[in-house]
Amino acid sequence: MPRELVNLLSNLKEPESIDYVEKSLGRGVDPLQLLEQAREGMKIVGEKYADEKYFIPDLIFSGEILKGVVDKLKPHLKKKEETSPLGKVVLGTVAGDIHDIGKNLVVFMLDASGFEVLDLGVDVPVEKFVNAIKETGSRVIGLSGFLTLAFQSMKQTVDAIKEAGLHDVKIMIGGGQIDERVRSFSGADAYGKDAMEAVKLVKGWIGG
C-alpha cells in the first residue's frame, strides 16, 4: 500500500494531505486503507513529539489535519453502515487533561465500525463519566489521557465507577504514555496502544 498519506501527515502537510485523500477517493481507493495511513502518520507524529522534534503546537496542528482527513473519509465509510448500532460506548479525556487527538480518532474508528459513541469531550469530571454510564446503559467506557497527571484522574474515575456499583462495565484507557503499569495502577480492564486496538477491545467485549 502506498505510504504517501503517512508521509504527508507526519510532515504536517495540511493541504497536500487533504488533496491526496480527495484524489485517492476519486480513484476508488478503499477509505479504510486511507484511514490506516492516517493512523500511521499520527503515530509518527507522536514519536516525533516524544523525541522532542515536534512540540505541543505541532500536535495540535496534526490534530487539525487529521480532522480534515476524517471529514473527507467519513461519508464514504458511513455508506457501509446501514444496520443498527452494535452497542454503546462512552469516551472522554479525564479531568485535568485537554488532549483529544487520540480520543477523536478512537471515536471516529468506533463510529465507523458501527458502534454508537457518546463523546464527553475533554477535562471530564469523574461524576460526568458515572452519570453517562447510568444514562446510556453503556457496557464499555474509554478514558483518554496524554499527560502523566491523567493517571491519577483515571484511577479516581475507575474507583468511582466501581463505587457506583457499575461492576459489569468494561473500562479501557489510552493515551500517549499509557502502558500496562498505568492500567494496573488505574484498575482499568485494558489499555489500547492506538485506535485500532481500542476497536478490537470493544468488539471483544460487546461484539461486532
# chains A, B, ... in the order shown; residues from 1 in each chain; ligands from 1
>>> residues_around(residues="A:Ile98", least_positions_apart="3", cutoff="8 Å", atoms="only C-alpha atoms", output="number ranges by chain")
A: 93, 122-123
>>> residues_around(residues="A:Asp111", least_positions_apart="6", cutoff="10 Å", atoms="only C-alpha atoms", output="VMD selection string")
chain A and resid 74 77 to 78 81 85 to 86 88 to 89 105 117 to 118 199
>>> write_last_selection(atoms="C-alpha atoms", output="compact mmCIF listing (two decimals), in the first residue's frame")
# COMPACT_ATOMS: atom_id res chain seq x y z
CA LYS A 74 -16.48 9.73 6.96
CA LEU A 77 -17.22 4.84 5.42
CA LYS A 78 -20.74 5.60 6.59
CA GLU A 81 -23.05 1.14 7.98
CA PRO A 85 -25.59 0.19 16.32
CA LEU A 86 -23.64 -2.78 17.65
CA LYS A 88 -22.92 1.96 23.07
CA VAL A 89 -19.52 3.25 24.14
CA LEU A 105 -9.53 9.08 16.31
CA VAL A 117 -20.41 6.63 20.70
CA LEU A 118 -21.06 9.28 23.34
CA VAL A 199 -11.87 -1.01 18.44
>>> atom_distance(atom1="atom CA of A:Lys155", atom2="atom CA of A:Val90")
16.7 Å
>>> atom_distance(atom1="atom CA of A:Ser62", atom2="atom CA of A:Met42")
7.4 Å
>>> closest_atom_pairs(of="stretch 30-52 of chain A", to="stretch 176-192 of chain A", cutoff="12 Å", atoms="only C-alpha atoms", output="tab-separated table")
residue	atom	partner	partner_atom	distance
A:Met42	CA	A:Gly176	CA	11.2
A:Lys43	CA	A:Gly176	CA	9.6
A:Ile44	CA	A:Gly176	CA	11.8
A:Val45	CA	A:Gly176	CA	11.0
A:Gly46	CA	A:Gly176	CA	7.4
A:Glu47	CA	A:Gly176	CA	9.3
A:Lys48	CA	A:Gly176	CA	11.9
A:Tyr49	CA	A:Gly176	CA	9.9
A:Ala50	CA	A:Gly176	CA	8.9
>>> residues_around(residues="A:Val29", least_positions_apart="5", cutoff="12 Å", atoms="only C-alpha atoms", output="list in words")
Met1, Pro2, Tyr20, Val21, Glu22, Lys23, Ser24, Leu34, Leu35, Gln37, Leu73, His76 and Leu77 of chain A
>>> write_last_selection(atoms="C-alpha atoms", output="CSV table (one decimal), in the first residue's frame")
chain,number,residue,atom,x,y,z
A,1,MET,CA,0.0,0.0,0.0
A,2,PRO,CA,1.4,3.4,-0.9
A,20,TYR,CA,-4.3,13.4,-1.6
A,21,VAL,CA,-7.3,11.9,0.2
A,22,GLU,CA,-9.8,13.6,-2.2
A,23,LYS,CA,-7.9,12.3,-5.3
A,24,SER,CA,-7.5,8.8,-3.8
A,34,LEU,CA,-6.5,5.8,3.8
A,35,LEU,CA,-7.6,5.7,7.4
A,37,GLN,CA,-2.3,5.5,6.5
A,73,LEU,CA,-13.4,9.9,4.7
A,76,HIS,CA,-17.5,7.0,2.3
A,77,LEU,CA,-17.2,4.8,5.4
>>> select_by_dssp(residues="stretch 83-187 of chain A", states="strand (DSSP E or B)", output="NGL selection string")
:A and (88-94 or 116-119 or 124 or 140-144 or 170-174)
>>> decode(residues="stretch 54-112 of chain A", atoms="C-alpha atoms", output="mmCIF file, in the first residue's frame")
data_model
loop_
_atom_site.group_PDB
_atom_site.id
_atom_site.type_symbol
_atom_site.label_atom_id
_atom_site.label_comp_id
_atom_site.auth_asym_id
_atom_site.auth_seq_id
_atom_site.Cartn_x
_atom_site.Cartn_y
_atom_site.Cartn_z
ATOM 1 C CA TYR A 54 7.697 18.203 17.484
ATOM 2 C CA PHE A 55 6.070 20.238 20.226
ATOM 3 C CA ILE A 56 2.541 20.905 21.527
ATOM 4 C CA PRO A 57 1.621 23.317 18.670
ATOM 5 C CA ASP A 58 2.674 20.636 16.177
ATOM 6 C CA LEU A 59 0.455 18.077 17.947
ATOM 7 C CA ILE A 60 -2.486 20.457 17.808
ATOM 8 C CA PHE A 61 -1.865 21.179 14.115
ATOM 9 C CA SER A 62 -1.609 17.464 13.311
ATOM 10 C CA GLY A 63 -4.964 17.010 15.006
ATOM 11 C CA GLU A 64 -6.486 19.634 12.719
ATOM 12 C CA ILE A 65 -5.061 17.866 9.667
ATOM 13 C CA LEU A 66 -6.444 14.549 10.913
ATOM 14 C CA LYS A 67 -9.862 16.119 11.425
ATOM 15 C CA GLY A 68 -9.844 17.330 7.831
ATOM 16 C CA VAL A 69 -8.870 13.876 6.583
ATOM 17 C CA VAL A 70 -11.541 12.199 8.700
ATOM 18 C CA ASP A 71 -14.199 14.634 7.460
ATOM 19 C CA LYS A 72 -13.380 13.587 3.895
ATOM 20 C CA LEU A 73 -13.425 9.871 4.703
ATOM 21 C CA LYS A 74 -16.480 9.729 6.961
ATOM 22 C CA PRO A 75 -19.196 9.860 4.248
ATOM 23 C CA HIS A 76 -17.514 7.040 2.343
ATOM 24 C CA LEU A 77 -17.216 4.843 5.416
ATOM 25 C CA LYS A 78 -20.739 5.596 6.587
ATOM 26 C CA LYS A 79 -22.177 4.119 3.412
ATOM 27 C CA LYS A 80 -21.165 0.727 4.715
ATOM 28 C CA GLU A 81 -23.054 1.136 7.976
ATOM 29 C CA GLU A 82 -26.772 0.812 7.489
ATOM 30 C CA THR A 83 -27.555 -1.540 10.358
ATOM 31 C CA SER A 84 -28.488 -0.651 13.920
ATOM 32 C CA PRO A 85 -25.594 0.185 16.320
ATOM 33 C CA LEU A 86 -23.643 -2.785 17.650
ATOM 34 C CA GLY A 87 -23.526 -1.238 21.112
ATOM 35 C CA LYS A 88 -22.921 1.962 23.066
ATOM 36 C CA VAL A 89 -19.520 3.252 24.140
ATOM 37 C CA VAL A 90 -18.777 6.270 26.348
ATOM 38 C CA LEU A 91 -15.460 8.096 25.772
ATOM 39 C CA GLY A 92 -13.779 11.123 27.251
ATOM 40 C CA THR A 93 -10.469 12.714 28.231
ATOM 41 C CA VAL A 94 -10.157 12.618 32.012
ATOM 42 C CA ALA A 95 -10.159 15.597 34.383
ATOM 43 C CA GLY A 96 -7.092 17.810 34.151
ATOM 44 C CA ASP A 97 -6.214 16.850 30.579
ATOM 45 C CA ILE A 98 -7.382 18.622 27.421
ATOM 46 C CA HIS A 99 -5.674 16.495 24.757
ATOM 47 C CA ASP A 100 -8.156 14.968 22.348
ATOM 48 C CA ILE A 101 -6.324 13.929 19.164
ATOM 49 C CA GLY A 102 -6.134 10.258 20.101
ATOM 50 C CA LYS A 103 -9.620 10.264 21.593
ATOM 51 C CA ASN A 104 -11.119 11.766 18.467
ATOM 52 C CA LEU A 105 -9.530 9.077 16.311
ATOM 53 C CA VAL A 106 -10.935 6.357 18.586
ATOM 54 C CA VAL A 107 -14.386 7.990 18.444
ATOM 55 C CA PHE A 108 -14.245 8.029 14.662
ATOM 56 C CA MET A 109 -12.991 4.455 14.363
ATOM 57 C CA LEU A 110 -15.692 3.119 16.703
ATOM 58 C CA ASP A 111 -18.352 5.111 14.876
ATOM 59 C CA ALA A 112 -17.138 3.813 11.514
#
